[in-house]
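Coordinates as given in input-v9.txt (compact mmCIF, C-alpha atoms):
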# COMPACT_ATOMS: atom_id res chain seq x y z
CA MET M 1 -15.58 -15.78 -15.97
CA SER M 2 -16.49 -19.44 -16.53
CA ALA M 3 -14.08 -20.06 -19.42
CA SER M 4 -10.87 -18.61 -20.70
CA LEU M 5 -11.26 -15.37 -22.62
CA ARG M 6 -10.86 -15.35 -26.35
CA PRO M 7 -7.49 -13.82 -27.29
CA GLY M 8 -9.17 -10.89 -29.04
CA LEU M 9 -11.31 -10.01 -26.02
CA LEU M 10 -8.37 -10.36 -23.63
CA LEU M 11 -6.27 -8.07 -25.80
CA THR M 12 -9.12 -5.53 -25.97
CA LEU M 13 -9.48 -5.45 -22.20
CA LEU M 14 -5.74 -5.03 -21.75
CA LEU M 15 -5.73 -2.22 -24.31
CA ILE M 16 -8.58 -0.43 -22.50
CA GLY M 17 -6.59 -0.51 -19.26
CA ALA M 18 -3.47 0.74 -21.04
CA LEU M 19 -5.29 3.62 -22.73
CA ALA M 20 -6.95 4.60 -19.43
CA ARG M 21 -3.50 4.91 -17.89
CA VAL M 22 -1.90 6.79 -20.78
CA ALA M 23 -4.79 9.28 -20.79
CA VAL M 24 -4.07 10.42 -17.22
CA LEU M 25 -0.34 9.85 -16.85
CA THR M 26 0.50 13.55 -17.20
CA LEU M 27 -2.13 14.77 -14.72
CA PRO M 28 -0.40 16.47 -11.76
CA GLY M 29 -1.58 13.93 -9.17
CA THR M 30 -1.49 14.64 -5.44
CA LEU M 31 0.92 16.94 -3.62
CA ASP M 32 3.17 13.90 -3.18
CA VAL M 33 4.13 14.07 -6.85
CA PRO M 34 6.13 17.33 -6.54
CA ASP M 35 7.90 15.76 -3.55
CA TRP M 36 8.88 12.82 -5.71
CA LYS M 37 10.12 15.19 -8.38
CA ALA M 38 12.39 16.77 -5.77
CA THR M 39 13.49 13.29 -4.75
CA SER M 40 14.32 12.34 -8.33
CA TYR M 41 16.29 15.57 -8.74
CA VAL M 42 18.47 14.88 -5.68
CA ALA M 43 18.68 11.09 -6.03
CA SER M 44 19.88 11.35 -9.64
CA SER M 45 22.82 13.56 -8.67
CA ASP M 46 23.71 12.73 -5.04
CA PHE M 47 22.10 9.39 -4.24
CA LEU M 48 24.20 8.31 -1.25
CA HIS M 49 23.48 11.54 0.62
CA ILE M 50 19.74 11.59 0.04
CA TYR M 51 19.09 10.97 3.76
CA GLY M 52 21.89 13.27 4.92
CA ARG M 53 25.62 13.16 5.57
CA GLY M 54 25.57 11.28 8.86
CA GLY M 55 27.22 12.65 11.95
CA GLN M 56 25.98 13.04 15.53
CA PRO M 57 23.37 14.36 15.73
CA PRO M 58 22.65 13.01 12.25
CA GLU M 59 22.02 15.48 9.48
CA GLN M 60 18.46 15.38 8.09
CA ARG M 61 18.82 16.46 4.50
CA LYS M 62 16.27 18.71 2.84
CA LEU M 63 15.53 17.61 -0.71
CA GLU M 64 15.28 20.92 -2.49
CA TRP M 65 14.03 21.53 -6.01
CA GLN M 66 12.31 24.68 -7.25
CA ASP M 67 10.02 25.70 -4.35
CA ILE M 68 9.93 22.20 -2.80
CA SER M 69 11.89 21.39 0.37
CA VAL M 70 11.16 18.02 1.99
CA THR M 71 12.86 15.26 3.96
CA THR M 72 12.44 11.59 3.16
CA GLU M 73 11.67 8.53 5.29
CA TYR M 74 11.25 6.14 2.36
CA PRO M 75 13.51 3.07 2.07
CA PRO M 76 16.34 2.87 -0.49
CA ILE M 77 14.66 0.99 -3.36
CA SER M 78 12.07 3.73 -3.85
CA HIS M 79 14.99 6.16 -4.17
CA VAL M 80 16.76 3.93 -6.67
CA GLU M 81 13.63 4.16 -8.82
CA MET M 82 13.55 7.94 -8.51
CA ALA M 83 17.28 8.16 -9.26
CA ILE M 84 16.69 6.29 -12.52
CA VAL M 85 13.72 8.56 -13.30
CA GLY M 86 15.90 11.62 -12.68
CA ARG M 87 18.74 10.33 -14.83
CA ILE M 88 16.36 9.68 -17.70
CA TYR M 89 14.77 13.12 -17.35
CA ARG M 90 18.14 14.86 -17.38
CA LEU M 91 18.65 13.50 -20.91
CA PHE M 92 15.66 15.58 -22.02
CA ASP M 93 16.05 18.55 -19.69
CA PRO M 94 19.52 18.99 -18.09
CA ALA M 95 18.18 22.02 -16.18
CA PHE M 96 15.54 19.77 -14.56
CA GLY M 97 12.61 22.13 -14.97
CA ASP M 98 9.07 21.02 -14.23
CA SER M 99 7.06 19.50 -17.07
CA ARG M 100 4.39 16.96 -17.95
CA LEU M 101 7.15 14.61 -19.05
CA LEU M 102 8.63 14.67 -15.54
CA THR M 103 5.19 13.99 -14.07
CA ALA M 104 4.75 10.99 -16.35
CA LEU M 105 8.23 9.67 -15.58
CA VAL M 106 7.62 9.89 -11.82
CA LYS M 107 4.50 7.75 -12.31
CA LEU M 108 6.21 5.36 -14.73
CA PRO M 109 7.74 2.92 -12.17
CA GLY M 110 4.25 2.23 -10.82
CA LEU M 111 2.92 1.60 -14.32
CA LEU M 112 5.80 -0.78 -15.05
CA ALA M 113 5.06 -2.64 -11.80
CA GLU M 114 1.41 -3.01 -12.80
CA LEU M 115 2.45 -4.28 -16.24
CA ALA M 116 4.84 -6.75 -14.60
CA PHE M 117 2.07 -8.11 -12.39
CA VAL M 118 -0.26 -8.65 -15.33
CA GLY M 119 2.57 -10.14 -17.39
CA VAL M 120 3.52 -12.64 -14.67
CA LEU M 121 -0.10 -13.67 -14.20
CA LEU M 122 -0.66 -14.25 -17.90
CA THR M 123 2.53 -16.32 -18.24
CA VAL M 124 3.80 -18.02 -15.07
CA GLY M 125 0.39 -17.55 -13.44
CA ARG M 126 -1.27 -19.80 -15.98
CA ARG M 127 0.84 -22.69 -14.73
CA LEU M 128 0.13 -21.90 -11.10
CA VAL M 129 -3.59 -21.20 -11.12
CA GLY M 130 -4.79 -22.11 -14.61
CA ASP M 131 -5.74 -19.95 -17.61
CA ARG M 132 -9.21 -18.92 -16.46
CA VAL M 133 -8.20 -17.85 -12.95
CA ALA M 134 -5.00 -16.13 -14.11
CA GLN M 135 -6.98 -14.10 -16.64
CA TRP M 136 -9.60 -13.11 -14.08
CA ILE M 137 -6.98 -11.90 -11.60
CA ALA M 138 -5.06 -10.01 -14.29
CA ILE M 139 -8.13 -8.22 -15.65
CA ALA M 140 -9.59 -7.52 -12.19
CA PHE M 141 -6.30 -5.85 -11.30
CA TRP M 142 -5.65 -4.10 -14.63
CA LEU M 143 -9.16 -2.63 -14.91
CA ASN M 144 -9.53 -1.93 -11.18
CA PRO M 145 -10.57 1.70 -10.59
CA GLY M 146 -8.69 1.85 -7.28
CA ILE M 147 -5.44 0.67 -8.88
CA TRP M 148 -5.90 3.16 -11.75
CA LEU M 149 -6.73 6.05 -9.41
CA ALA M 150 -3.90 5.43 -6.95
CA GLY M 151 -1.26 4.92 -9.62
CA ALA M 152 -1.68 6.53 -13.02
CA VAL M 153 -3.92 9.34 -11.75
CA LEU M 154 -2.68 10.33 -8.29
CA GLY M 155 0.89 9.09 -8.48
CA TYR M 156 1.27 7.03 -5.28
CA LEU M 157 4.15 4.53 -5.12
CA ASP M 158 2.12 1.61 -3.78
CA ALA M 159 2.23 -0.54 -6.92
CA GLN M 160 6.03 -0.82 -6.68
CA MET M 161 5.55 -2.28 -3.19
CA ALA M 162 2.36 -4.29 -3.64
CA VAL M 163 3.37 -6.12 -6.83
CA PRO M 164 6.55 -7.76 -5.45
CA ALA M 165 4.77 -8.43 -2.14
CA THR M 166 1.92 -10.26 -3.87
CA LEU M 167 4.33 -12.12 -6.15
CA ALA M 168 6.28 -13.12 -3.02
CA LEU M 169 3.12 -14.80 -1.75
CA LEU M 170 2.74 -16.63 -5.08
CA ALA M 171 6.37 -17.74 -4.87
CA ALA M 172 5.90 -18.97 -1.30
CA ALA M 173 2.84 -20.97 -2.35
CA ASP M 174 4.87 -22.44 -5.25
CA ASP M 175 7.62 -23.53 -2.81
CA ARG M 176 10.19 -21.02 -4.06
CA PRO M 177 11.49 -19.61 -0.78
CA LYS M 178 14.50 -17.75 -2.18
CA THR M 179 12.36 -15.95 -4.74
CA ALA M 180 9.79 -15.15 -2.06
CA GLY M 181 12.50 -13.73 0.21
CA VAL M 182 13.99 -11.52 -2.49
CA LEU M 183 10.59 -10.19 -3.54
CA ALA M 184 9.49 -9.56 0.05
CA GLY M 185 12.74 -7.70 0.73
CA MET M 186 12.25 -5.56 -2.38
CA ALA M 187 8.67 -4.78 -1.34
CA VAL M 188 9.42 -3.61 2.20
CA LEU M 189 12.45 -1.64 1.02
CA THR M 190 10.13 0.23 -1.33
CA LYS M 191 7.35 1.00 1.17
CA PRO M 192 7.25 -0.26 4.78
CA GLN M 193 3.55 -1.26 4.60
CA ALA M 194 4.62 -4.54 2.97
CA ILE M 195 5.66 -5.73 6.42
CA PHE M 196 2.02 -6.46 7.30
CA LEU M 197 2.10 -9.36 4.84
CA PHE M 198 5.18 -10.90 6.48
CA PRO M 199 3.33 -12.97 9.13
CA VAL M 200 1.37 -14.72 6.39
CA LEU M 201 4.44 -15.22 4.21
CA GLY M 202 6.26 -16.70 7.19
CA LEU M 203 3.46 -19.16 7.89
CA MET M 204 3.25 -20.22 4.24
CA LEU M 205 6.99 -20.86 4.11
CA LEU M 206 7.26 -22.53 7.51
CA ARG M 207 4.26 -24.86 7.45
CA ARG M 208 3.35 -27.12 4.53
CA ASP M 209 1.36 -30.36 4.52
CA GLY M 210 1.21 -30.34 8.33
CA ALA M 211 5.00 -30.30 8.76
CA PHE M 212 7.51 -27.64 9.72
CA ARG M 213 9.84 -26.63 6.87
CA TRP M 214 12.59 -24.76 8.65
CA GLY M 215 14.86 -24.98 5.63
CA SER M 216 12.44 -23.08 3.42
CA ALA M 217 11.88 -20.38 6.04
CA LEU M 218 15.62 -19.94 6.55
CA GLN M 219 16.28 -19.76 2.80
CA ALA M 220 13.65 -17.03 2.43
CA ALA M 221 15.03 -15.12 5.41
CA ALA M 222 18.58 -15.35 4.03
CA ALA M 223 17.47 -14.14 0.60
CA GLY M 224 15.58 -11.22 2.14
CA LEU M 225 18.58 -10.36 4.31
CA ALA M 226 20.77 -10.31 1.22
CA VAL M 227 18.48 -7.70 -0.32
CA PHE M 228 18.76 -5.60 2.84
CA ILE M 229 22.55 -5.84 2.80
CA VAL M 230 22.79 -4.83 -0.85
CA ALA M 231 20.46 -1.89 -0.19
CA PHE M 232 22.16 -0.55 2.94
CA VAL M 233 25.86 -1.34 2.62
CA PRO M 234 26.51 1.56 0.20
CA PHE M 235 25.08 4.02 2.74
CA ALA M 236 27.10 2.49 5.57
CA ALA M 237 30.26 2.60 3.46
CA ALA M 238 29.58 6.28 2.73
CA GLY M 239 29.40 6.97 6.48
CA VAL M 240 25.78 8.17 6.44
CA GLY M 241 24.21 5.32 8.42
CA SER M 242 23.13 7.61 11.26
CA SER M 243 21.11 9.76 8.83
CA VAL M 244 19.48 6.66 7.36
CA LEU M 245 18.53 5.41 10.82
CA ARG M 246 17.16 8.82 11.80
CA ALA M 247 15.03 8.92 8.66
CA PHE M 248 13.40 5.59 9.54
CA GLN M 249 12.83 6.72 13.12
CA ARG M 250 10.79 9.64 11.77
CA LEU M 251 8.26 7.15 10.38
CA GLY M 252 6.91 6.72 13.88
CA GLU M 253 6.89 10.42 14.68
CA HIS M 254 4.32 11.78 12.23
CA ASP M 255 1.92 13.95 14.21
CA LEU M 256 -1.35 12.80 12.64
CA VAL M 257 -3.98 10.48 14.06
CA SER M 258 -5.36 9.60 10.61
CA GLY M 259 -4.04 11.00 7.35
CA THR M 260 -7.45 11.04 5.60
CA ALA M 261 -7.78 7.26 5.99
CA THR M 262 -11.46 6.49 6.57
CA ASN M 263 -10.82 4.23 9.53
CA LEU M 264 -11.45 3.92 13.28
CA TRP M 265 -9.45 7.04 14.11
CA TRP M 266 -11.15 9.15 11.46
CA ILE M 267 -14.48 8.37 13.13
CA LEU M 268 -13.23 8.86 16.70
CA THR M 269 -11.52 12.21 16.12
CA TRP M 270 -14.58 13.54 14.29
CA ALA M 271 -16.90 12.26 17.04
CA ALA M 272 -14.74 13.73 19.81
CA GLY M 273 -14.52 17.08 18.04
CA SER M 274 -18.25 17.17 17.38
CA ALA M 275 -19.10 16.23 20.96
CA ALA M 276 -16.81 18.96 22.27
CA ARG M 277 -18.56 21.60 20.14
CA VAL M 278 -22.21 20.70 20.76
CA GLY M 279 -22.55 23.51 23.29
CA GLU M 280 -21.04 26.02 20.86
CA LEU M 281 -22.70 24.91 17.61
CA GLY M 282 -25.79 22.97 18.66
CA ILE M 283 -26.28 19.28 17.98
CA TRP M 284 -27.23 19.54 14.29
CA ALA M 285 -24.35 21.81 13.34
CA ALA M 286 -21.95 19.68 15.39
CA LEU M 287 -23.11 16.54 13.58
CA SER M 288 -22.77 18.17 10.17
CA ARG M 289 -19.31 19.65 10.77
CA PRO M 290 -16.63 18.42 8.35
CA ALA M 291 -14.20 15.75 9.47
CA THR M 292 -10.63 17.02 9.46
CA MET M 293 -7.19 15.65 10.24
CA VAL M 294 -6.27 15.89 13.93
CA ARG M 295 -2.76 15.90 15.36
CA ILE M 296 -1.69 13.32 17.93
CA SER M 297 -0.31 16.15 20.04
CA THR M 298 -3.78 17.73 20.06
CA VAL M 299 -5.38 14.49 21.27
CA LEU M 300 -2.83 14.33 24.08
CA GLU M 301 -3.68 17.93 25.01
CA TRP M 302 -7.32 16.87 25.27
CA GLY M 303 -6.22 14.41 27.95
CA PHE M 304 -6.77 11.23 25.94
CA PRO M 305 -4.31 8.30 25.62
CA ASN M 306 -1.82 8.31 22.75
CA PRO M 307 -3.58 7.03 19.57
CA ARG M 308 -0.22 5.85 18.20
CA THR M 309 0.25 3.52 21.16
CA ILE M 310 -3.31 2.23 21.08
CA GLY M 311 -3.18 1.69 17.32
CA THR M 312 0.11 -0.18 17.58
CA VAL M 313 -1.31 -2.50 20.26
CA LEU M 314 -4.49 -3.14 18.27
CA THR M 315 -2.49 -3.87 15.11
CA ALA M 316 -0.18 -6.25 16.97
CA LEU M 317 -3.18 -8.09 18.42
CA ALA M 318 -4.76 -8.35 14.96
CA LEU M 319 -1.58 -9.80 13.44
CA ALA M 320 -1.26 -12.24 16.35
CA TRP M 321 -4.82 -13.43 15.73
CA ALA M 322 -4.06 -13.88 12.03
CA MET M 323 -1.00 -16.01 12.83
CA TRP M 324 -3.08 -18.11 15.21
CA ARG M 325 -5.68 -18.72 12.51
CA GLY M 326 -3.04 -19.84 10.04
CA ARG M 327 -0.74 -21.67 12.42
CA HIS M 328 -1.22 -25.07 10.74
CA GLY M 329 -0.33 -23.77 7.28
CA LEU M 330 -2.05 -21.88 4.49
CA SER M 331 -2.98 -22.65 0.93
CA ARG M 332 -2.42 -20.00 -1.74
CA THR M 333 -6.02 -18.76 -1.54
CA GLU M 334 -6.05 -18.80 2.25
CA GLY M 335 -2.75 -16.94 2.37
CA ALA M 336 -3.93 -14.24 -0.03
CA LEU M 337 -7.19 -13.81 1.90
CA LEU M 338 -5.50 -13.68 5.30
CA GLY M 339 -2.79 -11.37 3.95
CA ALA M 340 -5.43 -8.94 2.70
CA TRP M 341 -7.09 -9.12 6.11
CA CYS M 342 -3.81 -8.21 7.84
CA VAL M 343 -3.35 -5.19 5.60
CA LEU M 344 -6.91 -3.97 6.17
CA ALA M 345 -6.66 -4.62 9.92
CA TYR M 346 -3.65 -2.30 10.01
CA PHE M 347 -5.53 0.23 7.87
CA MET M 348 -8.62 0.19 10.08
CA VAL M 349 -7.12 0.31 13.58
CA SER M 350 -3.59 1.70 13.42
CA GLY M 351 -2.70 5.35 13.90
CA GLN M 352 -0.87 7.53 11.35
CA VAL M 353 -2.47 5.63 8.45
CA HIS M 354 -3.03 7.35 5.12
CA GLU M 355 -5.79 6.86 2.57
CA ASN M 356 -3.64 4.80 0.17
CA HIS M 357 -2.27 2.36 2.76
CA ALA M 358 -4.97 -0.22 2.01
CA TYR M 359 -3.64 -0.63 -1.56
CA LEU M 360 -1.84 -3.94 -0.94
CA ALA M 361 -5.14 -5.56 -0.01
CA LEU M 362 -6.45 -5.15 -3.57
CA PRO M 363 -4.03 -7.44 -5.49
CA LEU M 364 -4.12 -9.93 -2.61
CA LEU M 365 -7.92 -10.01 -2.65
CA ALA M 366 -7.90 -10.26 -6.45
CA LEU M 367 -5.72 -13.34 -6.13
CA ALA M 368 -8.02 -14.89 -3.54
CA ALA M 369 -11.20 -13.97 -5.43
CA GLY M 370 -9.80 -15.34 -8.67
CA GLU M 371 -9.62 -18.77 -7.11
CA ASP M 372 -12.73 -18.48 -4.92
CA ALA M 373 -15.61 -16.82 -6.78
CA ARG M 374 -17.53 -16.36 -3.52
CA LEU M 375 -15.06 -13.61 -2.60
CA ARG M 376 -15.61 -11.54 -5.74
CA PRO M 377 -18.49 -9.36 -4.44
CA LEU M 378 -16.37 -8.56 -1.37
CA PHE M 379 -13.36 -7.75 -3.57
CA TRP M 380 -15.32 -5.27 -5.65
CA ALA M 381 -16.99 -3.73 -2.58
CA ILE M 382 -13.59 -3.11 -0.93
CA THR M 383 -12.32 -1.75 -4.25
CA ALA M 384 -15.21 0.73 -4.23
CA ALA M 385 -14.47 1.82 -0.64
CA PHE M 386 -10.77 2.26 -1.39
CA SER M 387 -11.50 4.24 -4.56
CA LEU M 388 -14.03 6.48 -2.81
CA ASN M 389 -11.58 7.17 0.02
CA LEU M 390 -9.04 8.46 -2.52
CA TYR M 391 -11.55 10.36 -4.61
CA LEU M 392 -13.42 12.11 -1.79
CA PHE M 393 -10.24 13.85 -0.65
CA TYR M 394 -8.15 14.16 -3.80
CA GLY M 395 -10.44 13.81 -6.81
CA LEU M 396 -8.38 13.14 -9.92
CA GLY M 397 -5.50 15.18 -8.58
CA GLN M 398 -4.61 18.82 -8.05
CA SER M 399 -6.16 20.02 -11.31
CA LEU M 400 -9.40 18.01 -11.02
CA PRO M 401 -10.79 18.17 -7.46
CA PRO M 402 -13.71 15.89 -6.50
CA ILE M 403 -17.10 16.87 -7.84
CA VAL M 404 -18.70 15.17 -4.81
CA ASP M 405 -19.08 17.45 -1.81
CA ARG M 406 -18.71 15.57 1.48
CA SER M 407 -21.39 17.79 3.04
CA TRP M 408 -24.11 16.47 0.71
CA THR M 409 -24.83 13.63 3.14
CA PHE M 410 -25.33 15.93 6.19
CA ILE M 411 -22.97 13.80 8.28
CA ASP M 412 -19.65 14.07 6.44
CA PHE M 413 -19.61 11.51 3.60
CA SER M 414 -16.15 10.36 4.69
CA ILE M 415 -17.55 9.37 8.11
CA LEU M 416 -20.27 7.31 6.47
CA LEU M 417 -17.60 5.74 4.27
CA SER M 418 -15.59 4.88 7.40
CA VAL M 419 -18.62 3.06 8.81
CA ALA M 420 -19.10 1.23 5.50
CA TYR M 421 -15.40 0.33 5.44
CA PHE M 422 -15.78 -1.20 8.90
CA ALA M 423 -18.79 -3.21 7.71
CA LEU M 424 -16.69 -4.51 4.81
CA PHE M 425 -13.87 -5.36 7.18
CA ALA M 426 -16.35 -7.30 9.32
CA TRP M 427 -17.51 -9.15 6.18
CA LEU M 428 -13.88 -9.91 5.31
CA THR M 429 -13.28 -11.14 8.87
CA ALA M 430 -16.26 -13.48 8.57
CA ARG M 431 -14.84 -14.88 5.32
CA VAL M 432 -11.45 -15.42 6.99
CA ILE M 433 -13.10 -17.27 9.89
CA ALA M 434 -15.05 -19.45 7.47
CA THR M 435 -12.08 -20.12 5.17
CA VAL M 436 -8.92 -20.16 7.31
CA ARG M 437 -9.40 -22.80 10.00
CA PRO M 438 -7.13 -22.92 13.06
CA VAL M 439 -7.09 -26.72 12.90
CA GLN M 440 -5.63 -29.11 10.40
CA LEU M 441 -8.16 -30.26 7.84
CA PRO M 442 -7.61 -32.39 4.75
CA ARG M 443 -6.93 -30.22 1.71
CA SER M 444 -9.39 -30.75 -1.09
Render the structure in this file as structure tokens.
Amino acid sequence: MSASLRPGLLLTLLLIGALARVAVLTLPGTLDVPDWKATSYVASSDFLHIYGRGGQPPEQRKLEWQDISVTTEYPPISHVEMAIVGRIYRLFDPAFGDSRLLTALVKLPGLLAELAFVGVLLTVGRRLVGDRVAQWIAIAFWLNPGIWLAGAVLGYLDAQMAVPATLALLAAADDRPKTAGVLAGMAVLTKPQAIFLFPVLGLMLLRRDGAFRWGSALQAAAAGLAVFIVAFVPFAAAGVGSSVLRAFQRLGEHDLVSGTATNLWWILTWAAGSAARVGELGIWAALSRPATMVRISTVLEWGFPNPRTIGTVLTALALAWAMWRGRHGLSRTEGALLGAWCVLAYFMVSGQVHENHAYLALPLLALAAGEDARLRPLFWAITAAFSLNLYLFYGLGQSLPPIVDRSWTFIDFSILLSVAYFALFAWLTARVIATVRPVQLPRS
């Protein structure tokens, strides 16, 4: 996009993205959507006890609605959104029966977050990055198949986390530490995966023009802490803090090596399972066996080390390397690129990762690619990998399974996608090494 878009063309592209979302908003999405319906039902009537009623041992509340019975480990802001959804739905259906309207309402917060991101880019973003770049980022995000599939189609909550997280990076680059702190707090209190952007945000706030800016970092930290206090004080005052803490502890207890994320662990568990069954199936049948989710407890029974521990160590090392690369400060483009790298590093090497956990990398990469056109092929390639990961396992949701059979490629298509994802991550790493220098250089 060498020049700003004509207003008519820009409006047409925005309308195409809007219509694409409206067309699929009532599709049933993944099996997470019924869980969020149960959450909205409980949160809209008994919000402060959504985690349980405290006590020792802490109660772990079951969120029950129709035939759904689930617990929650999500932070409070995601439940505030579902409480609002539930309150609105009760105006139309006090009995809270299932319906397409409820499906659309559950997906609505994500759509509003996407709209907010585009709106900020096309207003405030024009001042920050210029008309041409702001338009490119907005359209690349709004018409992105991965964003559309994860949000309007499948009903994940990632947009509500990724939008404030990415805007926090923009605020940090614009020297607005309080705004960055509030937005970062909102992001991580919606979905914990936002925390993998925090090292980059910290570097951008702390180091500018070769000098330490402790005041900015402290202002951002104080603003983020204020968000945490506002979010958690009501639960503490209600005496249910132990249930809240227990819910967050369960985040690290999920008994899955990889939750259909096409990453390192998806390859390793498939390879280990295939190798173990060569004698039973023969080499060709073992190689063509489908990749499936494997429990951490099963891996331990095989006598291997704990994938959760290994993944945590690898992720920590990756984040430490990223901080070392950016230790002398980061420009907006460098911060967005390195932030996307941190998110994908977590996605590729950590345990217990799910297919949608790479979402935050997309708006961050769009921001970086908008300002550096050399990154655009990489952005679209990672978009394709992310979209395929979602589609191969979940299609367009429960009512429209994938038309692509993973067995068509002999070796499970998802394994080949994992290898391709790693190649893209290597490409991204090369771009980070070339762009983010661990020494101070004059800014052009």
(message) What's around Ala426 in chain M at 12 Å? Count all atoms listed in the file, leave out sequence neighbours fewer than 2 positions away in its own chain, and write the answer as a PyMOL selection string.
(response) chain M and resi 341+344-345+348+378+382+419-424+428-433
Based on the selection just made, write C-alpha atoms of those residues as a compact mmCIF listing (two decimals), keeping the file's coordinate frame.
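Below you can see result-v4.txt, which holds the result:
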# COMPACT_ATOMS: atom_id res chain seq x y z
CA TRP M 341 -7.09 -9.12 6.11
CA LEU M 344 -6.91 -3.97 6.17
CA ALA M 345 -6.66 -4.62 9.92
CA MET M 348 -8.62 0.19 10.08
CA LEU M 378 -16.37 -8.56 -1.37
CA ILE M 382 -13.59 -3.11 -0.93
CA VAL M 419 -18.62 3.06 8.81
CA ALA M 420 -19.10 1.23 5.50
CA TYR M 421 -15.40 0.33 5.44
CA PHE M 422 -15.78 -1.20 8.90
CA ALA M 423 -18.79 -3.21 7.71
CA LEU M 424 -16.69 -4.51 4.81
CA LEU M 428 -13.88 -9.91 5.31
CA THR M 429 -13.28 -11.14 8.87
CA ALA M 430 -16.26 -13.48 8.57
CA ARG M 431 -14.84 -14.88 5.32
CA VAL M 432 -11.45 -15.42 6.99
CA ILE M 433 -13.10 -17.27 9.89
(request) Excluding Asp98 in chain M and any residue of its chain fewer than 6 positions from it, enumerate the residues within 10 Å of it, using all atoms listed in the file, and give them as a ChimeraX atom specification. (result) /M:34,37,65-66
(message) For Ala286 in chain M, find every residue with an atom within 6 Å (counting all atoms listed in the file), except residues of its own chain fewer than 5 positions away, and show them as a PyMOL selection string.
(response) chain M and resi 274+278+281
(request) Taking the point (-5.2, -10.5, 9.7) as given in the file, collect each protein or nucleic acid residue that comes within 12 Å of it, counting all atoms listed in the file, and present the set as a PyMOL selection string. (result) chain M and resi 196-200+314-326+334-349+361+425-426+428-433+436
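With all atoms listed in the file as the basis for measurement, M:Leu367 is the residue among M:Leu388, M:Asp255, M:Leu367, M:Gly8 that approaches Leu128 in chain M most closely.
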